[in-house]
>>> print(open('final-v8.tsv').read())   # TSV, C-alpha atoms
chain	number	residue	atom	x	y	z
Z	1	MET	CA	0.00	0.00	0.00
Z	2	ALA	CA	1.31	3.45	-0.88
Z	3	ASP	CA	-0.81	6.50	-0.20
Z	4	ILE	CA	1.33	9.44	-1.16
Z	5	ARG	CA	-1.32	11.97	-0.11
Z	6	GLU	CA	-1.36	10.64	3.44
Z	7	ASP	CA	2.43	10.37	3.50
Z	8	ILE	CA	2.78	14.03	2.50
Z	9	LEU	CA	0.24	15.25	5.06
Z	10	ALA	CA	1.83	13.20	7.84
Z	11	ARG	CA	5.26	14.49	6.88
Z	12	LEU	CA	4.00	18.07	6.86
Z	13	VAL	CA	2.96	17.67	10.49
Z	14	GLU	CA	6.46	16.43	11.31
Z	15	VAL	CA	8.02	19.33	9.43
Z	16	MET	CA	5.82	21.87	11.23
Z	17	ALA	CA	7.05	20.52	14.55
Z	18	THR	CA	10.59	21.50	13.58
Z	19	VAL	CA	9.73	25.18	12.95
Z	20	PRO	CA	11.61	27.08	15.68
Z	21	ASN	CA	9.49	28.31	18.63
Z	22	ILE	CA	6.30	26.46	17.64
Z	23	HIS	CA	4.49	25.39	20.84
Z	24	THR	CA	1.84	23.01	19.49
Z	25	VAL	CA	1.18	21.29	16.15
Z	26	HIS	CA	-2.27	20.14	15.04
Z	27	ARG	CA	-3.74	18.30	12.09
Z	28	ASN	CA	-7.30	19.24	11.16
Z	29	ASN	CA	-7.95	20.87	14.53
Z	30	VAL	CA	-9.62	24.19	13.79
Z	31	ASP	CA	-10.36	25.11	17.42
Z	32	ILE	CA	-7.22	26.57	18.97
Z	33	THR	CA	-6.95	28.21	22.38
Z	34	ASP	CA	-4.64	31.08	23.13
Z	35	ASP	CA	-2.47	29.00	25.47
Z	36	GLN	CA	-1.62	26.69	22.54
Z	37	MET	CA	0.03	29.46	20.55
Z	38	PRO	CA	2.36	29.68	18.74
Z	39	ALA	CA	0.40	26.95	17.03
Z	40	ALA	CA	0.89	25.29	13.66
Z	41	LEU	CA	-1.97	23.66	11.78
Z	42	VAL	CA	-2.05	21.31	8.84
Z	43	LEU	CA	-5.47	21.04	7.25
Z	44	ASP	CA	-5.97	18.24	4.74
Z	45	GLY	CA	-6.34	19.93	1.41
Z	46	ASP	CA	-8.26	19.57	-1.80
Z	47	GLU	CA	-6.91	17.21	-4.44
Z	48	ASP	CA	-7.41	17.61	-8.17
Z	49	VAL	CA	-6.35	15.47	-11.10
Z	50	VAL	CA	-4.08	17.45	-13.39
Z	51	ALA	CA	-3.05	14.77	-15.93
Z	52	GLY	CA	-4.02	11.29	-17.03
Z	53	ASN	CA	-7.76	11.63	-16.75
Z	54	ASP	CA	-8.55	11.65	-20.46
Z	55	GLY	CA	-11.03	8.75	-20.32
Z	56	SER	CA	-9.24	6.65	-22.92
Z	57	ARG	CA	-7.47	4.31	-20.56
Z	58	PRO	CA	-8.48	1.86	-17.81
Z	59	SER	CA	-10.19	3.36	-14.79
Z	60	ASN	CA	-7.31	2.33	-12.55
Z	61	ARG	CA	-4.73	4.07	-14.69
Z	62	PRO	CA	-2.03	6.17	-12.98
Z	63	LEU	CA	-2.86	9.84	-12.62
Z	64	LEU	CA	-0.96	12.96	-11.77
Z	65	VAL	CA	-2.76	14.87	-8.98
Z	66	GLU	CA	-2.24	18.13	-7.15
Z	67	MET	CA	-3.04	18.64	-3.47
Z	68	THR	CA	-3.29	22.06	-1.82
Z	69	PRO	CA	-3.24	21.64	1.96
Z	70	GLU	CA	-3.74	24.63	4.22
Z	71	ILE	CA	-0.88	25.40	6.54
Z	72	GLN	CA	-1.43	27.97	9.27
Z	73	ILE	CA	0.68	29.53	11.97
Z	74	MET	CA	-1.07	31.35	14.85
Z	75	GLU	CA	0.80	33.51	17.31
Z	76	GLN	CA	0.09	36.22	19.87
Z	77	SER	CA	2.77	38.73	20.56
Z	78	SER	CA	3.59	42.40	20.96
Z	79	ALA	CA	5.63	42.05	17.75
Z	80	ILE	CA	3.20	39.95	15.78
Z	81	GLY	CA	4.23	41.24	12.36
Z	82	SER	CA	7.90	40.36	12.55
Z	83	ASP	CA	7.11	37.09	14.34
Z	84	LEU	CA	4.87	35.92	11.49
Z	85	THR	CA	7.47	36.99	8.96
Z	86	THR	CA	10.03	34.80	10.74
Z	87	PHE	CA	7.64	31.84	10.83
Z	88	ARG	CA	6.91	32.28	7.12
Z	89	ARG	CA	10.58	32.30	6.25
Z	90	GLU	CA	11.42	29.22	8.32
Z	91	LEU	CA	8.39	27.26	7.18
Z	92	MET	CA	8.96	27.99	3.51
Z	93	LYS	CA	12.56	26.83	3.69
Z	94	LEU	CA	11.62	23.66	5.56
Z	95	VAL	CA	8.76	22.64	3.25
Z	96	LEU	CA	10.38	23.46	-0.07
Z	97	ASP	CA	13.68	21.82	0.84
Z	98	ASP	CA	12.54	18.76	2.75
Z	99	PRO	CA	14.12	15.62	1.21
Z	100	THR	CA	11.24	13.39	2.32
Z	101	LEU	CA	8.59	15.61	0.75
Z	102	LYS	CA	10.64	15.92	-2.42
Z	103	ALA	CA	10.98	12.16	-2.64
Z	104	LYS	CA	7.25	11.64	-2.11
Z	105	THR	CA	6.32	13.90	-5.01
Z	106	GLY	CA	8.45	11.83	-7.39
Z	107	SER	CA	10.32	12.68	-10.56
Z	108	ASN	CA	7.30	14.13	-12.39
Z	109	GLY	CA	5.81	15.89	-9.36
Z	110	LYS	CA	6.76	19.11	-7.62
Z	111	ILE	CA	6.26	21.31	-4.57
Z	112	SER	CA	5.25	24.92	-5.14
Z	113	TYR	CA	4.63	27.87	-2.86
Z	114	LEU	CA	1.41	29.61	-3.93
Z	115	GLY	CA	1.25	32.53	-1.48
Z	116	CYS	CA	0.01	33.50	1.94
Z	117	THR	CA	-2.69	35.54	3.67
Z	118	THR	CA	-2.80	37.04	7.15
Z	119	VAL	CA	-5.46	37.73	9.79
Z	120	PHE	CA	-5.07	39.88	12.90
Z	121	GLY	CA	-7.13	40.56	16.01
Z	122	TRP	CA	-7.06	41.16	19.74
Z	123	GLN	CA	-7.56	39.02	22.78
Z	124	GLU	CA	-5.40	39.62	25.85
Z	125	LYS	CA	-2.60	40.26	23.37
Z	126	GLN	CA	-2.58	40.99	19.70
Z	127	TYR	CA	-2.70	37.80	17.72
Z	128	GLY	CA	-2.10	37.02	14.09
Z	129	ALA	CA	-2.55	34.08	11.79
Z	130	LEU	CA	-0.47	33.31	8.74
Z	131	GLN	CA	-2.10	31.04	6.20
Z	132	MET	CA	0.37	29.61	3.71
Z	133	ARG	CA	-0.63	27.80	0.57
Z	134	PHE	CA	1.50	25.11	-1.02
Z	135	SER	CA	0.79	22.80	-3.90
Z	136	PHE	CA	2.04	19.21	-4.00
Z	137	LYS	CA	1.92	17.47	-7.35
Z	138	TYR	CA	2.48	13.71	-7.24
Z	139	PRO	CA	1.51	10.47	-8.98
Z	140	LEU	CA	-1.60	8.63	-7.86
Z	141	LYS	CA	-1.55	4.94	-8.71
Z	142	PRO	CA	-4.88	3.36	-7.71
Z	143	ASP	CA	-3.38	-0.13	-7.90
Z	144	ASP	CA	-0.87	0.82	-5.19
Z	145	LEU	CA	-3.45	2.08	-2.72
P	1	MET	CA	-38.67	66.62	31.63
P	2	SER	CA	-36.24	63.88	30.71
P	3	LEU	CA	-35.27	61.05	32.97
P	4	ASP	CA	-31.89	61.19	34.70
P	5	TYR	CA	-30.35	57.92	33.56
P	6	SER	CA	-27.27	58.38	35.74
P	7	SER	CA	-29.21	58.36	39.01
P	8	LEU	CA	-31.97	56.00	37.85
P	9	LEU	CA	-29.92	53.44	35.92
P	10	TYR	CA	-26.14	53.69	35.87
P	11	ASP	CA	-25.48	54.53	39.52
P	12	PRO	CA	-27.64	51.71	40.95
P	13	VAL	CA	-26.16	49.22	38.51
P	14	TYR	CA	-22.59	50.23	39.32
P	15	ALA	CA	-23.41	50.11	43.04
P	16	GLU	CA	-24.60	46.53	42.61
P	17	ILE	CA	-22.13	44.92	40.16
P	18	GLY	CA	-19.32	47.48	39.93
P	19	VAL	CA	-15.93	46.72	41.41
P	20	PRO	CA	-13.22	49.02	42.77
P	21	ALA	CA	-10.61	50.00	40.21
P	22	THR	CA	-7.75	52.37	39.64
P	23	LEU	CA	-7.04	54.16	36.39
P	24	GLY	CA	-3.53	55.44	36.80
P	25	ALA	CA	-3.57	56.94	40.29
P	26	VAL	CA	-7.32	57.62	40.36
P	27	SER	CA	-9.85	55.36	42.09
P	28	LEU	CA	-13.15	54.65	40.38
P	29	THR	CA	-15.78	51.95	39.92
P	30	VAL	CA	-15.91	49.78	36.82
P	31	ILE	CA	-17.97	46.85	35.60
P	32	ASP	CA	-15.79	43.93	34.58
P	33	ASP	CA	-16.58	43.13	30.95
P	34	THR	CA	-13.90	40.49	30.41
P	35	ARG	CA	-15.51	37.86	28.24
P	36	PRO	CA	-14.71	34.82	26.11
P	37	LYS	CA	-13.65	35.73	22.62
P	38	GLN	CA	-13.50	33.55	19.51
P	39	LEU	CA	-11.92	35.04	16.45
P	40	PRO	CA	-11.21	33.75	12.96
P	41	ALA	CA	-7.65	32.76	12.19
P	42	GLY	CA	-7.68	32.01	8.51
P	43	SER	CA	-10.22	30.37	6.25
P	44	PHE	CA	-11.19	27.54	8.56
P	45	ALA	CA	-9.70	27.89	12.02
P	46	ASP	CA	-10.65	29.92	15.08
P	47	VAL	CA	-8.72	31.03	18.14
P	48	ARG	CA	-10.49	31.10	21.49
P	49	GLY	CA	-9.33	33.21	24.40
P	50	MET	CA	-10.34	36.08	26.63
P	51	GLY	CA	-11.10	39.63	25.61
P	52	PRO	CA	-10.52	41.84	28.64
P	53	GLY	CA	-12.70	44.91	28.96
P	54	ALA	CA	-14.41	47.17	31.49
P	55	PHE	CA	-17.20	49.75	31.58
P	56	ALA	CA	-16.83	53.08	33.38
P	57	ARG	CA	-19.10	56.09	33.76
P	58	ILE	CA	-18.05	59.22	31.92
P	59	PRO	CA	-19.27	61.58	34.71
P	60	GLU	CA	-17.15	59.69	37.26
P	61	LEU	CA	-14.08	59.93	35.05
P	62	VAL	CA	-14.60	63.63	34.43
P	63	ALA	CA	-15.16	64.31	38.13
P	64	ALA	CA	-11.84	62.58	38.85
P	65	GLY	CA	-10.09	64.80	36.31
P	66	ILE	CA	-9.58	62.07	33.71
P	67	ILE	CA	-10.31	63.30	30.21
P	68	GLN	CA	-10.55	61.33	26.99
P	69	ASP	CA	-6.99	62.20	25.97
P	70	ASP	CA	-5.76	60.34	29.07
P	71	TRP	CA	-7.42	57.02	28.28
P	72	MET	CA	-5.17	55.42	25.70
P	73	ASP	CA	-2.36	53.33	27.23
P	74	ALA	CA	-3.54	54.11	30.76
P	75	VAL	CA	-3.18	51.25	33.25
P	76	LEU	CA	-6.54	50.05	34.57
P	77	ALA	CA	-6.48	47.69	37.56
P	78	PHE	CA	-9.49	45.78	38.89
P	79	ASN	CA	-10.34	42.33	40.21
P	80	GLY	CA	-6.70	41.58	40.91
P	81	ARG	CA	-5.40	42.19	37.39
P	82	SER	CA	-3.82	45.15	35.69
P	83	TRP	CA	-4.38	45.96	32.03
P	84	LYS	CA	-3.50	48.64	29.54
P	85	VAL	CA	-6.20	50.49	27.59
P	86	ARG	CA	-5.70	49.68	23.88
P	87	SER	CA	-8.95	51.23	22.63
P	88	TYR	CA	-12.39	52.27	23.78
P	89	GLU	CA	-16.02	52.61	22.74
P	90	LEU	CA	-18.21	55.50	23.79
P	91	ARG	CA	-21.60	53.99	24.64
P	92	GLY	CA	-23.67	57.14	24.91
P	93	SER	CA	-26.79	57.66	26.97
P	94	PRO	CA	-30.29	59.09	26.46
P	95	ASN	CA	-28.95	62.12	28.35
P	96	GLY	CA	-26.06	62.52	25.95
P	97	GLU	CA	-22.63	61.09	25.42
P	98	ASP	CA	-21.13	63.01	28.33
P	99	GLN	CA	-23.56	61.30	30.71
P	100	GLY	CA	-23.00	57.81	29.35
P	101	GLU	CA	-20.45	55.06	29.63
P	102	VAL	CA	-17.18	54.12	28.02
P	103	ARG	CA	-16.16	50.55	27.38
P	104	PHE	CA	-12.43	50.20	27.72
P	105	LEU	CA	-10.87	47.55	25.47
P	106	LEU	CA	-7.85	46.20	27.29
P	107	LYS	CA	-4.67	44.25	26.66
P	108	GLU	CA	-1.91	42.73	28.71
P	109	ILE	CA	0.51	45.36	29.87
P	110	ASP	CA	3.38	43.75	27.98
P	111	GLY	CA	1.14	42.62	25.11
>>> encode(input="final-v8.tsv", output="C-alpha cells")
Amino acid sequence: MADIREDILARLVEVMATVPNIHTVHRNNVDITDDQMPAALVLDGDEDVVAGNDGSRPSNRPLLVEMTPEIQIMEQSSAIGSDLTTFRRELMKLVLDDPTLKAKTGSNGKISYLGCTTVFGWQEKQYGALQMRFSFKYPLKPDDL
Amino acid sequence: MSLDYSSLLYDPVYAEIGVPATLGAVSLTVIDDTRPKQLPAGSFADVRGMGPGAFARIPELVAAGIIQDDWMDAVLAFNGRSWKVRSYELRGSPNGEDQGEVRFLLKEIDG
C-alpha cells in the first residue's frame, strides 16, 4: 500500500514541529486556544487530477494529482508582524527543501509555494494568523493504494 | 422633563455589580466586561481566548479629572489584574454622550 497523499500530510505535520518556537502542532484541529500558541496547523487539502484523466485508458490508470493543503501559523505577541514573517521564512525553507517531501512527489511531481494571507485581532494580546498555501503534485496509482 | 439615567440606571447598577478599580492613580468603579472571545484565524480555524474589557461612567471619570486624551495606554487595575487600555467605545446615553459610559478595550501590559 502506498498513499502518497497521506504520506505528504503526515510528513508536513512532522516538518511543522521543527519550525523554531512552535508550541503546538495540530492536524485538522480548527479550534485553537490562546495557550496553545504559537500553534501550527495542517489542514488536509483539496486534491485535483491534473493529468491522465482523459477517459481513454483503464479506470485504474495512474494519474498525476495536485493537493493544496492549508498550513497555518497562529501567534500572539507584541511584535506579531515580525514574528509571522520569521515563521513564514522558516516554514517555507523547511517545506520546499525537505528531502522526504521531495521524494514523495516523485520525478514528475513538484512542490510549489502559492502565497500567503494574514489575519489579525485582539484578545489579551494581539494575535495574528499566517495562512500559507503550497501545492504538492504527485503520482496517484490506484493499484498501489 | 427627561429622565436622569445616571441616578436611575447607571449609579444603581454600578453600586450593585461594579468593582473598585484604579485608572492610573485615580480610584473609580468599573464593571468587569472580560468575556470569552472567539476570532477567525484564517479560512477555517478559530482562536479562542479572553477579551478583557471594562465599563466606566463618563461623569465619574470627568469628576476625577480624567479626560478622553488620558485614556489610551492608561493602566486600569481591577479584580486583581492590571491591564492597559488599547482602545475604547463610547456607549452614549439618552442624556447625551457626556452622561454615558465608556467601554475600555484592554490588553496585557506587555502585550
>>> atom_distance(input="final-v8.tsv", atom1="atom CA of Gly24 of chain P", atom2="atom CA of Gly65 of chain P")
11.4 Å
>>> closest_atom_pairs(input="final-v8.tsv", of="segment 17-52 of chain Z", to="segment 39-53 of chain P", cutoff="7 Å", atoms="all atoms listed in the file", output="tab-separated table")
residue	atom	partner	partner_atom	distance
Z:Val30	CA	P:Ala45	CA	4.1
Z:Asp31	CA	P:Asp46	CA	5.4
Z:Ile32	CA	P:Val47	CA	4.8
Z:Thr33	CA	P:Arg48	CA	4.7
Z:Asp34	CA	P:Gly49	CA	5.3
>>> atom_distance(input="final-v8.tsv", atom1="atom CA of Asp98 of chain Z", atom2="atom CA of Glu47 of chain Z")
20.8 Å
>>> residues_around(input="final-v8.tsv", residues="segment 84-89 of chain Z", least_positions_apart="4", cutoff="7 Å", atoms="only C-alpha atoms", output="PyMOL selection string")
chain Z and resi 80+93+130
>>> write_last_selection(input="final-v8.tsv", atoms="C-alpha atoms", output="PDB file, in the frame of the given file")
ATOM      1  CA  ILE Z  80       3.200  39.950  15.780  1.00  0.00           C
ATOM      2  CA  LYS Z  93      12.560  26.830   3.690  1.00  0.00           C
ATOM      3  CA  LEU Z 130      -0.470  33.310   8.740  1.00  0.00           C
TER       4      LEU Z 130
END
>>> axis_aligned_box(input="final-v8.tsv", around="segment 67-83 of chain P", padding_each_side="6 Å", output="lines of an AutoDock Vina configuration file")
center_x = -6.5
center_y = 52.4
center_z = 33.3
size_x = 20.2
size_y = 33.7
size_z = 27.2
>>> atom_distance(input="final-v8.tsv", atom1="atom CA of Ser82 of chain P", atom2="atom CA of Lys107 of chain P")
9.1 Å
>>> closest_residue(input="final-v8.tsv", among="Z:Leu145, Z:Leu114, Z:Ala17, Z:Leu41", to="chain P", atoms="all atoms listed in the file")
Z:Leu41
>>> residues_around(input="final-v8.tsv", residues="Val15 of chain Z", least_positions_apart="2", cutoff="10 Å", atoms="only C-alpha atoms", output="JSON, numbers by chain")
{"Z": [9, 10, 11, 12, 13, 17, 18, 19, 25, 91, 94, 95, 98, 100, 101]}
>>> write_last_selection(input="final-v8.tsv", atoms="C-alpha atoms", output="compact mmCIF listing (two decimals), keeping the file's coordinate frame")
# COMPACT_ATOMS: atom_id res chain seq x y z
CA LEU Z 9 0.24 15.25 5.06
CA ALA Z 10 1.83 13.20 7.84
CA ARG Z 11 5.26 14.49 6.88
CA LEU Z 12 4.00 18.07 6.86
CA VAL Z 13 2.96 17.67 10.49
CA ALA Z 17 7.05 20.52 14.55
CA THR Z 18 10.59 21.50 13.58
CA VAL Z 19 9.73 25.18 12.95
CA VAL Z 25 1.18 21.29 16.15
CA LEU Z 91 8.39 27.26 7.18
CA LEU Z 94 11.62 23.66 5.56
CA VAL Z 95 8.76 22.64 3.25
CA ASP Z 98 12.54 18.76 2.75
CA THR Z 100 11.24 13.39 2.32
CA LEU Z 101 8.59 15.61 0.75
